[in-house]
Amino acid sequence: MFDIVIPEGFKSSKDRQIKAASIILGKDVVSTRIPPPKIDKDFDFIKFERKTIALNLFGANKYRSFSFDSAVKLLNNWLAEWPDEKIILIPVPGKMEFLAKLESIFSNKNVFLPKQDPSLDLSLFILSKCDLCFTPDTSVVHMASALNTPTLAIYHDNIANYEGWKPLSDNSRTVFYKEMVNEVDRGYVSDFDWHQLVLAKNDMKI
């Protein structure tokens with residue numbers, strides 16, 4: 001719509017949009033955090049009686065998504081490291097059979113899958129109530145950022161992509177998985193270093 005050149009120093013999509021607006025308006029635009037949106041719909045069957053982690057396992061493609069085996073490994077490691085936390089699996093369209101099977105494996109270990117059909121309302125409700133969101137680089141990062149929910153994200157080791165689309169929650173940490181080697185060996189989100197994740201999470205105030 002507009003023929004605007006943004007200076008190179010503005011890396012994140014948010015900063016670039018603010019700079020573009022300031023150029024169009026001819027004045028500085030102050031960047032302030034707006035109040036989180038109010039979530040009106042109440043899914044009262046979801047209980048948040050202990051420290052609760054909203055867990056999203058899926059990104060935009062297979063490289064940004066956990067396979068079933070890597071999801072099992074992730075939950076085993078998480079529950080061994082933080083056994084008192086409750087994990088809520090965020091429902092995702094087309095992935096409910098995967099998630100139900102995963103929940104059944106950990107049915108006695110504080111892992112819960114809401115039986116409600118996946119929806120934006122449901123995801124926003126879970127993210128608005130949880131103590132921490134864990135997710136690969138995908139739209140869930142930005143939903144959590146809008147709600148200012150503490151976020152632990154897994155990103156591909158690509159700094160240009162990260163600077164453009166990193167979490168914007170006030171309390172967030174990122175763990176990176178290996179950089180793409182070539183078009184065949186792109187690396188998977190589950191390739192991150194577990195020790196780095198533990199250090200990052202324990203550094204957060206949740």
# chains A, B, ... in the order shown; residues from 1 in each chain; ligands from 1

call {"tool": "closest_atom_pairs", "arguments": {"of": "range 86-159 of chain A", "to": "range 55-68 of chain A", "cutoff": "8 Å", "atoms": "only C-alpha atoms", "output": "tab-separated table"}}
result
residue	atom	partner	partner_atom	distance
A:Ile87	CA	A:Leu55	CA	6.6
A:Ile88	CA	A:Leu55	CA	6.0
A:Leu89	CA	A:Leu55	CA	5.0
A:Ile90	CA	A:Asn56	CA	5.5
A:Phe98	CA	A:Phe68	CA	7.2
A:Leu102	CA	A:Phe68	CA	7.6
A:Cys133	CA	A:Leu55	CA	6.1
A:Phe134	CA	A:Leu55	CA	5.0
A:Thr135	CA	A:Asn56	CA	4.9
A:Pro136	CA	A:Gly59	CA	6.0
A:Asp137	CA	A:Gly59	CA	6.3
A:Thr138	CA	A:Gly59	CA	5.1
A:Ser139	CA	A:Gly59	CA	7.9
A:Val140	CA	A:Asn56	CA	7.5

call {"tool": "write_last_selection", "arguments": {"atoms": "N, CA, C and O atoms", "output": "mmCIF file, in the first residue's frame"}}
result
data_model
loop_
_atom_site.group_PDB
_atom_site.id
_atom_site.type_symbol
_atom_site.label_atom_id
_atom_site.label_comp_id
_atom_site.auth_asym_id
_atom_site.auth_seq_id
_atom_site.Cartn_x
_atom_site.Cartn_y
_atom_site.Cartn_z
ATOM 1 N N ILE A 87 0.372 -30.082 32.999
ATOM 2 C CA ILE A 87 0.537 -29.742 31.590
ATOM 3 C C ILE A 87 -0.814 -29.842 30.888
ATOM 4 O O ILE A 87 -1.482 -30.881 30.952
ATOM 5 N N ILE A 88 -1.210 -28.747 30.252
ATOM 6 C CA ILE A 88 -2.412 -28.742 29.426
ATOM 7 C C ILE A 88 -1.981 -28.736 27.967
ATOM 8 O O ILE A 88 -1.271 -27.826 27.525
ATOM 9 N N LEU A 89 -2.374 -29.752 27.237
ATOM 10 C CA LEU A 89 -2.072 -29.837 25.811
ATOM 11 C C LEU A 89 -3.055 -28.949 25.048
ATOM 12 O O LEU A 89 -4.271 -29.138 25.145
ATOM 13 N N ILE A 90 -2.541 -27.975 24.312
ATOM 14 C CA ILE A 90 -3.422 -27.076 23.575
ATOM 15 C C ILE A 90 -4.014 -27.830 22.383
ATOM 16 O O ILE A 90 -3.269 -28.338 21.534
ATOM 17 N N PHE A 98 -3.588 -37.553 17.737
ATOM 18 C CA PHE A 98 -2.203 -37.514 18.230
ATOM 19 C C PHE A 98 -2.190 -37.116 19.703
ATOM 20 O O PHE A 98 -1.563 -37.777 20.541
ATOM 21 N N LEU A 102 -1.323 -39.205 23.181
ATOM 22 C CA LEU A 102 -0.273 -38.705 24.073
ATOM 23 C C LEU A 102 -0.788 -38.580 25.495
ATOM 24 O O LEU A 102 -0.128 -38.991 26.457
ATOM 25 N N CYS A 133 3.649 -20.633 28.841
ATOM 26 C CA CYS A 133 3.381 -21.240 27.540
ATOM 27 C C CYS A 133 4.678 -21.795 26.981
ATOM 28 O O CYS A 133 5.687 -21.079 26.909
ATOM 29 N N PHE A 134 4.659 -23.063 26.580
ATOM 30 C CA PHE A 134 5.785 -23.674 25.874
ATOM 31 C C PHE A 134 5.348 -23.938 24.449
ATOM 32 O O PHE A 134 4.319 -24.592 24.221
ATOM 33 N N THR A 135 6.126 -23.462 23.476
ATOM 34 C CA THR A 135 5.702 -23.606 22.091
ATOM 35 C C THR A 135 6.857 -23.456 21.120
ATOM 36 O O THR A 135 7.808 -22.719 21.400
ATOM 37 N N PRO A 136 6.780 -24.126 19.977
ATOM 38 C CA PRO A 136 7.702 -23.794 18.884
ATOM 39 C C PRO A 136 7.330 -22.430 18.308
ATOM 40 O O PRO A 136 6.301 -21.840 18.659
ATOM 41 N N ASP A 137 8.153 -21.972 17.368
ATOM 42 C CA ASP A 137 7.911 -20.724 16.646
ATOM 43 C C ASP A 137 6.675 -20.891 15.769
ATOM 44 O O ASP A 137 6.694 -21.558 14.745
ATOM 45 N N THR A 138 5.561 -20.284 16.190
ATOM 46 C CA THR A 138 4.303 -20.357 15.445
ATOM 47 C C THR A 138 3.353 -19.309 16.010
ATOM 48 O O THR A 138 3.739 -18.513 16.872
ATOM 49 N N SER A 139 2.108 -19.318 15.571
ATOM 50 C CA SER A 139 1.162 -18.270 15.986
ATOM 51 C C SER A 139 0.921 -18.255 17.485
ATOM 52 O O SER A 139 0.584 -17.208 18.054
ATOM 53 N N VAL A 140 1.091 -19.395 18.159
ATOM 54 C CA VAL A 140 0.868 -19.450 19.611
ATOM 55 C C VAL A 140 1.813 -18.486 20.337
ATOM 56 O O VAL A 140 1.449 -17.888 21.352
#

call {"tool": "select_by_dssp", "arguments": {"residues": "range 34-174 of chain A", "states": "strand (DSSP E or B)", "output": "PyMOL selection string"}}
result
chain A and resi 52-55+86-89+111-112+132-136+151-156+172-174

call {"tool": "write_last_selection", "arguments": {"atoms": "N, CA and C atoms", "output": "compact mmCIF listing (two decimals), in the first residue's frame"}}
result
# COMPACT_ATOMS: atom_id res chain seq x y z
N THR A 52 0.60 -24.37 36.09
CA THR A 52 0.08 -24.97 34.88
C THR A 52 0.86 -24.50 33.65
N ILE A 53 1.23 -25.46 32.81
CA ILE A 53 1.98 -25.19 31.59
C ILE A 53 1.09 -25.46 30.39
N ALA A 54 0.89 -24.45 29.55
CA ALA A 54 0.18 -24.66 28.29
C ALA A 54 1.21 -25.12 27.26
N LEU A 55 1.00 -26.31 26.72
CA LEU A 55 1.99 -26.92 25.84
C LEU A 55 1.45 -27.02 24.42
N LYS A 86 1.31 -29.10 36.20
CA LYS A 86 0.24 -29.66 35.37
C LYS A 86 0.44 -29.17 33.94
N ILE A 87 0.37 -30.08 33.00
CA ILE A 87 0.54 -29.74 31.59
C ILE A 87 -0.81 -29.84 30.89
N ILE A 88 -1.21 -28.75 30.25
CA ILE A 88 -2.41 -28.74 29.43
C ILE A 88 -1.98 -28.74 27.97
N LEU A 89 -2.37 -29.75 27.24
CA LEU A 89 -2.07 -29.84 25.81
C LEU A 89 -3.05 -28.95 25.05
N VAL A 111 -1.07 -34.67 32.99
CA VAL A 111 -1.19 -34.22 31.61
C VAL A 111 -2.66 -34.25 31.23
N PHE A 112 -3.17 -33.12 30.73
CA PHE A 112 -4.60 -32.99 30.47
C PHE A 112 -4.83 -32.43 29.08
N LEU A 132 2.71 -20.59 32.25
CA LEU A 132 3.77 -20.57 31.24
C LEU A 132 3.26 -21.21 29.97
N CYS A 133 3.65 -20.63 28.84
CA CYS A 133 3.38 -21.24 27.54
C CYS A 133 4.68 -21.79 26.98
N PHE A 134 4.66 -23.06 26.58
CA PHE A 134 5.79 -23.67 25.87
C PHE A 134 5.35 -23.94 24.45
N THR A 135 6.13 -23.46 23.48
CA THR A 135 5.70 -23.61 22.09
C THR A 135 6.86 -23.46 21.12
N PRO A 136 6.78 -24.13 19.98
CA PRO A 136 7.70 -23.79 18.88
C PRO A 136 7.33 -22.43 18.31
N THR A 151 6.53 -16.96 28.34
CA THR A 151 6.67 -17.85 27.19
C THR A 151 8.07 -18.43 27.10
N LEU A 152 8.12 -19.75 26.96
CA LEU A 152 9.37 -20.46 26.69
C LEU A 152 9.24 -21.03 25.29
N ALA A 153 10.01 -20.48 24.35
CA ALA A 153 9.84 -20.81 22.94
C ALA A 153 11.05 -21.55 22.39
N ILE A 154 10.79 -22.37 21.37
CA ILE A 154 11.84 -23.09 20.67
C ILE A 154 11.90 -22.55 19.25
N TYR A 155 13.06 -22.00 18.88
CA TYR A 155 13.22 -21.39 17.56
C TYR A 155 14.39 -22.03 16.81
N HIS A 156 14.25 -22.03 15.50
CA HIS A 156 15.35 -22.42 14.62
C HIS A 156 16.48 -21.40 14.79
N SER A 172 10.00 -13.83 28.88
CA SER A 172 10.13 -14.89 27.88
C SER A 172 11.58 -15.32 27.76
N ARG A 173 11.76 -16.57 27.35
CA ARG A 173 13.08 -17.12 27.07
C ARG A 173 12.97 -17.95 25.79
N THR A 174 14.09 -18.07 25.10
CA THR A 174 14.11 -18.84 23.85
C THR A 174 15.27 -19.82 23.87

call {"tool": "select_by_dssp", "arguments": {"residues": "range 41-190 of chain A", "states": "alpha helix (DSSP H)", "output": "NGL selection string"}}
result
:A and (68-81 or 96-105 or 120-129 or 139-147 or 159-165)

call {"tool": "write_last_selection", "arguments": {"atoms": "N, CA and C atoms", "output": "compact mmCIF listing (two decimals), in the first residue's frame"}}
result
# COMPACT_ATOMS: atom_id res chain seq x y z
N PHE A 68 5.51 -37.76 17.30
CA PHE A 68 4.93 -38.39 18.48
C PHE A 68 6.02 -38.86 19.43
N ASP A 69 7.04 -39.50 18.91
CA ASP A 69 8.12 -40.00 19.77
C ASP A 69 8.85 -38.86 20.48
N SER A 70 9.09 -37.77 19.77
CA SER A 70 9.78 -36.65 20.42
C SER A 70 8.88 -35.95 21.43
N ALA A 71 7.56 -35.98 21.21
CA ALA A 71 6.62 -35.41 22.19
C ALA A 71 6.62 -36.25 23.47
N VAL A 72 6.64 -37.57 23.32
CA VAL A 72 6.71 -38.47 24.49
C VAL A 72 8.00 -38.20 25.27
N LYS A 73 9.09 -38.07 24.57
CA LYS A 73 10.38 -37.79 25.22
C LYS A 73 10.34 -36.45 25.95
N LEU A 74 9.75 -35.44 25.31
CA LEU A 74 9.64 -34.12 25.94
C LEU A 74 8.84 -34.19 27.23
N LEU A 75 7.69 -34.85 27.21
CA LEU A 75 6.86 -34.94 28.41
C LEU A 75 7.53 -35.76 29.50
N ASN A 76 8.18 -36.84 29.12
CA ASN A 76 8.91 -37.63 30.12
C ASN A 76 9.97 -36.78 30.82
N ASN A 77 10.73 -36.03 30.04
CA ASN A 77 11.77 -35.18 30.61
C ASN A 77 11.18 -34.07 31.47
N TRP A 78 10.10 -33.48 30.98
CA TRP A 78 9.48 -32.36 31.71
C TRP A 78 8.94 -32.82 33.06
N LEU A 79 8.21 -33.92 33.05
CA LEU A 79 7.60 -34.40 34.29
C LEU A 79 8.63 -34.95 35.27
N ALA A 80 9.75 -35.43 34.75
CA ALA A 80 10.83 -35.85 35.64
C ALA A 80 11.50 -34.65 36.28
N GLU A 81 11.64 -33.57 35.52
CA GLU A 81 12.30 -32.36 36.02
C GLU A 81 11.38 -31.54 36.91
N MET A 96 -5.94 -33.97 17.03
CA MET A 96 -6.58 -34.42 18.26
C MET A 96 -6.32 -35.90 18.54
N GLU A 97 -6.25 -36.73 17.51
CA GLU A 97 -5.94 -38.15 17.73
C GLU A 97 -4.53 -38.29 18.29
N PHE A 98 -3.59 -37.55 17.74
CA PHE A 98 -2.20 -37.51 18.23
C PHE A 98 -2.19 -37.12 19.70
N LEU A 99 -2.90 -36.02 20.03
CA LEU A 99 -2.88 -35.50 21.40
C LEU A 99 -3.60 -36.42 22.37
N ALA A 100 -4.69 -37.04 21.94
CA ALA A 100 -5.41 -37.97 22.81
C ALA A 100 -4.55 -39.19 23.14
N LYS A 101 -3.84 -39.68 22.15
CA LYS A 101 -2.93 -40.81 22.37
C LYS A 101 -1.82 -40.41 23.34
N LEU A 102 -1.32 -39.21 23.18
CA LEU A 102 -0.27 -38.71 24.07
C LEU A 102 -0.79 -38.58 25.49
N GLU A 103 -1.98 -38.02 25.65
CA GLU A 103 -2.57 -37.89 26.99
C GLU A 103 -2.76 -39.25 27.64
N SER A 104 -3.17 -40.25 26.86
CA SER A 104 -3.43 -41.57 27.44
C SER A 104 -2.16 -42.19 28.03
N ILE A 105 -1.03 -41.89 27.44
CA ILE A 105 0.24 -42.42 27.95
C ILE A 105 0.58 -41.81 29.31
N LEU A 120 -9.99 -20.86 18.52
CA LEU A 120 -9.22 -19.70 18.96
C LEU A 120 -9.61 -19.31 20.38
N ASP A 121 -10.90 -19.34 20.68
CA ASP A 121 -11.38 -19.00 22.03
C ASP A 121 -10.75 -19.90 23.08
N LEU A 122 -10.72 -21.20 22.80
CA LEU A 122 -10.18 -22.15 23.76
C LEU A 122 -8.69 -21.93 23.96
N SER A 123 -7.95 -21.73 22.87
CA SER A 123 -6.50 -21.50 22.98
C SER A 123 -6.22 -20.22 23.76
N LEU A 124 -6.95 -19.17 23.48
CA LEU A 124 -6.75 -17.90 24.18
C LEU A 124 -7.09 -18.04 25.66
N PHE A 125 -8.14 -18.79 25.96
CA PHE A 125 -8.51 -19.00 27.37
C PHE A 125 -7.39 -19.72 28.12
N ILE A 126 -6.88 -20.80 27.54
CA ILE A 126 -5.80 -21.55 28.19
C ILE A 126 -4.58 -20.66 28.38
N LEU A 127 -4.22 -19.92 27.34
CA LEU A 127 -3.03 -19.05 27.43
C LEU A 127 -3.22 -17.91 28.42
N SER A 128 -4.46 -17.48 28.61
CA SER A 128 -4.72 -16.38 29.55
C SER A 128 -4.67 -16.84 31.01
N LYS A 129 -4.82 -18.15 31.24
CA LYS A 129 -4.89 -18.68 32.60
C LYS A 129 -3.63 -19.40 33.05
N SER A 139 2.11 -19.32 15.57
CA SER A 139 1.16 -18.27 15.99
C SER A 139 0.92 -18.26 17.48
N VAL A 140 1.09 -19.39 18.16
CA VAL A 140 0.87 -19.45 19.61
C VAL A 140 1.81 -18.49 20.34
N VAL A 141 3.03 -18.31 19.82
CA VAL A 141 3.96 -17.35 20.40
C VAL A 141 3.33 -15.96 20.44
N HIS A 142 2.68 -15.58 19.36
CA HIS A 142 2.15 -14.22 19.25
C HIS A 142 0.85 -14.06 20.03
N MET A 143 0.08 -15.14 20.15
CA MET A 143 -1.10 -15.11 21.01
C MET A 143 -0.68 -14.93 22.47
N ALA A 144 0.34 -15.69 22.88
CA ALA A 144 0.84 -15.56 24.25
C ALA A 144 1.41 -14.16 24.49
N SER A 145 2.10 -13.62 23.49
CA SER A 145 2.67 -12.28 23.62
C SER A 145 1.58 -11.24 23.80
N ALA A 146 0.48 -11.38 23.05
CA ALA A 146 -0.63 -10.44 23.17
C ALA A 146 -1.23 -10.47 24.57
N LEU A 147 -1.21 -11.64 25.19
CA LEU A 147 -1.74 -11.80 26.55
C LEU A 147 -0.68 -11.53 27.61
N ILE A 159 18.93 -16.13 13.15
CA ILE A 159 18.78 -14.87 13.89
C ILE A 159 17.88 -13.88 13.17
N ALA A 160 17.94 -13.85 11.83
CA ALA A 160 17.08 -12.93 11.09
C ALA A 160 15.61 -13.26 11.33
N ASN A 161 15.26 -14.55 11.26
CA ASN A 161 13.88 -14.96 11.54
C ASN A 161 13.51 -14.67 12.99
N TYR A 162 14.42 -14.98 13.90
CA TYR A 162 14.14 -14.77 15.32
C TYR A 162 13.89 -13.29 15.63
N GLU A 163 14.74 -12.41 15.13
CA GLU A 163 14.57 -10.99 15.40
C GLU A 163 13.26 -10.46 14.85
N GLY A 164 12.81 -11.06 13.75
CA GLY A 164 11.55 -10.61 13.17
C GLY A 164 10.32 -11.10 13.91
N TRP A 165 10.42 -12.29 14.51
CA TRP A 165 9.22 -12.96 15.04
C TRP A 165 9.40 -13.51 16.44

call {"tool": "atom_distance", "arguments": {"atom1": "CA of Pro150 in chain A", "atom2": "CA of Lys205 in chain A"}}
result
8.5 Å

call {"tool": "residues_around", "arguments": {"residues": "Phe192 in chain A", "least_positions_apart": "6", "cutoff": "8 Å", "atoms": "only C-alpha atoms", "output": "list in words"}}
result
Ile154, Val175, Phe176, Tyr177 and Lys178 of chain A

call {"tool": "atom_distance", "arguments": {"atom1": "CA of Asn171 in chain A", "atom2": "CA of Glu85 in chain A"}}
result
18.5 Å

call {"tool": "atom_distance", "arguments": {"atom1": "CA of Asn148 in chain A", "atom2": "CA of Ser169 in chain A"}}
result
4.6 Å

call {"tool": "residues_around", "arguments": {"residues": "Pro118 in chain A", "least_positions_apart": "2", "cutoff": "7 Å", "atoms": "only C-alpha atoms", "output": "list of chain:residue names"}}
result
A:Pro91, A:Val92, A:Pro93, A:Gln116, A:Leu122

call {"tool": "decode", "arguments": {"residues": "range 145-200 of chain A", "atoms": "C-alpha atoms", "output": "PDB file, in the first residue's frame"}}
result
ATOM      1  CA  SER A 145       2.666 -12.276  23.617  1.00  0.00           C
ATOM      2  CA  ALA A 146      -0.635 -10.435  23.168  1.00  0.00           C
ATOM      3  CA  LEU A 147      -1.739 -11.796  26.548  1.00  0.00           C
ATOM      4  CA  ASN A 148       1.699 -11.088  28.072  1.00  0.00           C
ATOM      5  CA  THR A 149       1.868 -14.724  29.155  1.00  0.00           C
ATOM      6  CA  PRO A 150       5.329 -15.967  30.198  1.00  0.00           C
ATOM      7  CA  THR A 151       6.668 -17.854  27.192  1.00  0.00           C
ATOM      8  CA  LEU A 152       9.370 -20.459  26.692  1.00  0.00           C
ATOM      9  CA  ALA A 153       9.835 -20.810  22.943  1.00  0.00           C
ATOM     10  CA  ILE A 154      11.843 -23.089  20.673  1.00  0.00           C
ATOM     11  CA  TYR A 155      13.220 -21.391  17.564  1.00  0.00           C
ATOM     12  CA  HIS A 156      15.345 -22.416  14.622  1.00  0.00           C
ATOM     13  CA  ASP A 157      18.851 -21.000  14.947  1.00  0.00           C
ATOM     14  CA  ASN A 158      18.198 -18.294  12.372  1.00  0.00           C
ATOM     15  CA  ILE A 159      18.778 -14.870  13.893  1.00  0.00           C
ATOM     16  CA  ALA A 160      17.081 -12.927  11.088  1.00  0.00           C
ATOM     17  CA  ASN A 161      13.884 -14.961  11.536  1.00  0.00           C
ATOM     18  CA  TYR A 162      14.135 -14.765  15.320  1.00  0.00           C
ATOM     19  CA  GLU A 163      14.571 -10.994  15.403  1.00  0.00           C
ATOM     20  CA  GLY A 164      11.547 -10.606  13.174  1.00  0.00           C
ATOM     21  CA  TRP A 165       9.218 -12.956  15.039  1.00  0.00           C
ATOM     22  CA  LYS A 166      10.549 -13.438  18.564  1.00  0.00           C
ATOM     23  CA  PRO A 167       8.292 -13.608  21.659  1.00  0.00           C
ATOM     24  CA  LEU A 168       7.279 -10.174  22.944  1.00  0.00           C
ATOM     25  CA  SER A 169       6.001 -11.191  26.383  1.00  0.00           C
ATOM     26  CA  ASP A 170       7.697  -9.284  29.188  1.00  0.00           C
ATOM     27  CA  ASN A 171       8.825 -12.615  30.637  1.00  0.00           C
ATOM     28  CA  SER A 172      10.127 -14.891  27.883  1.00  0.00           C
ATOM     29  CA  ARG A 173      13.076 -17.122  27.067  1.00  0.00           C
ATOM     30  CA  THR A 174      14.111 -18.836  23.851  1.00  0.00           C
ATOM     31  CA  VAL A 175      16.022 -22.051  23.229  1.00  0.00           C
ATOM     32  CA  PHE A 176      17.426 -22.614  19.738  1.00  0.00           C
ATOM     33  CA  TYR A 177      17.780 -25.804  17.760  1.00  0.00           C
ATOM     34  CA  LYS A 178      20.478 -26.384  15.183  1.00  0.00           C
ATOM     35  CA  GLU A 179      20.859 -24.248  12.100  1.00  0.00           C
ATOM     36  CA  MET A 180      19.802 -25.645   8.744  1.00  0.00           C
ATOM     37  CA  VAL A 181      22.623 -27.612   7.140  1.00  0.00           C
ATOM     38  CA  ASN A 182      21.033 -27.880   3.697  1.00  0.00           C
ATOM     39  CA  GLU A 183      17.605 -28.215   2.108  1.00  0.00           C
ATOM     40  CA  VAL A 184      17.478 -31.892   3.077  1.00  0.00           C
ATOM     41  CA  ASP A 185      18.906 -31.730   6.601  1.00  0.00           C
ATOM     42  CA  ARG A 186      16.946 -28.763   7.937  1.00  0.00           C
ATOM     43  CA  GLY A 187      16.949 -29.754  11.582  1.00  0.00           C
ATOM     44  CA  TYR A 188      13.868 -30.386  13.722  1.00  0.00           C
ATOM     45  CA  VAL A 189      12.408 -28.451  16.629  1.00  0.00           C
ATOM     46  CA  SER A 190      13.048 -31.429  18.909  1.00  0.00           C
ATOM     47  CA  ASP A 191      16.809 -31.123  18.270  1.00  0.00           C
ATOM     48  CA  PHE A 192      17.200 -28.502  21.006  1.00  0.00           C
ATOM     49  CA  ASP A 193      19.483 -29.085  23.999  1.00  0.00           C
ATOM     50  CA  TRP A 194      17.375 -30.196  26.997  1.00  0.00           C
ATOM     51  CA  HIS A 195      19.929 -28.797  29.447  1.00  0.00           C
ATOM     52  CA  GLN A 196      19.576 -25.364  27.832  1.00  0.00           C
ATOM     53  CA  LEU A 197      15.800 -25.562  28.198  1.00  0.00           C
ATOM     54  CA  VAL A 198      16.070 -26.413  31.898  1.00  0.00           C
ATOM     55  CA  LEU A 199      18.406 -23.467  32.480  1.00  0.00           C
ATOM     56  CA  ALA A 200      16.124 -21.116  30.541  1.00  0.00           C
TER      57      ALA A 200
END
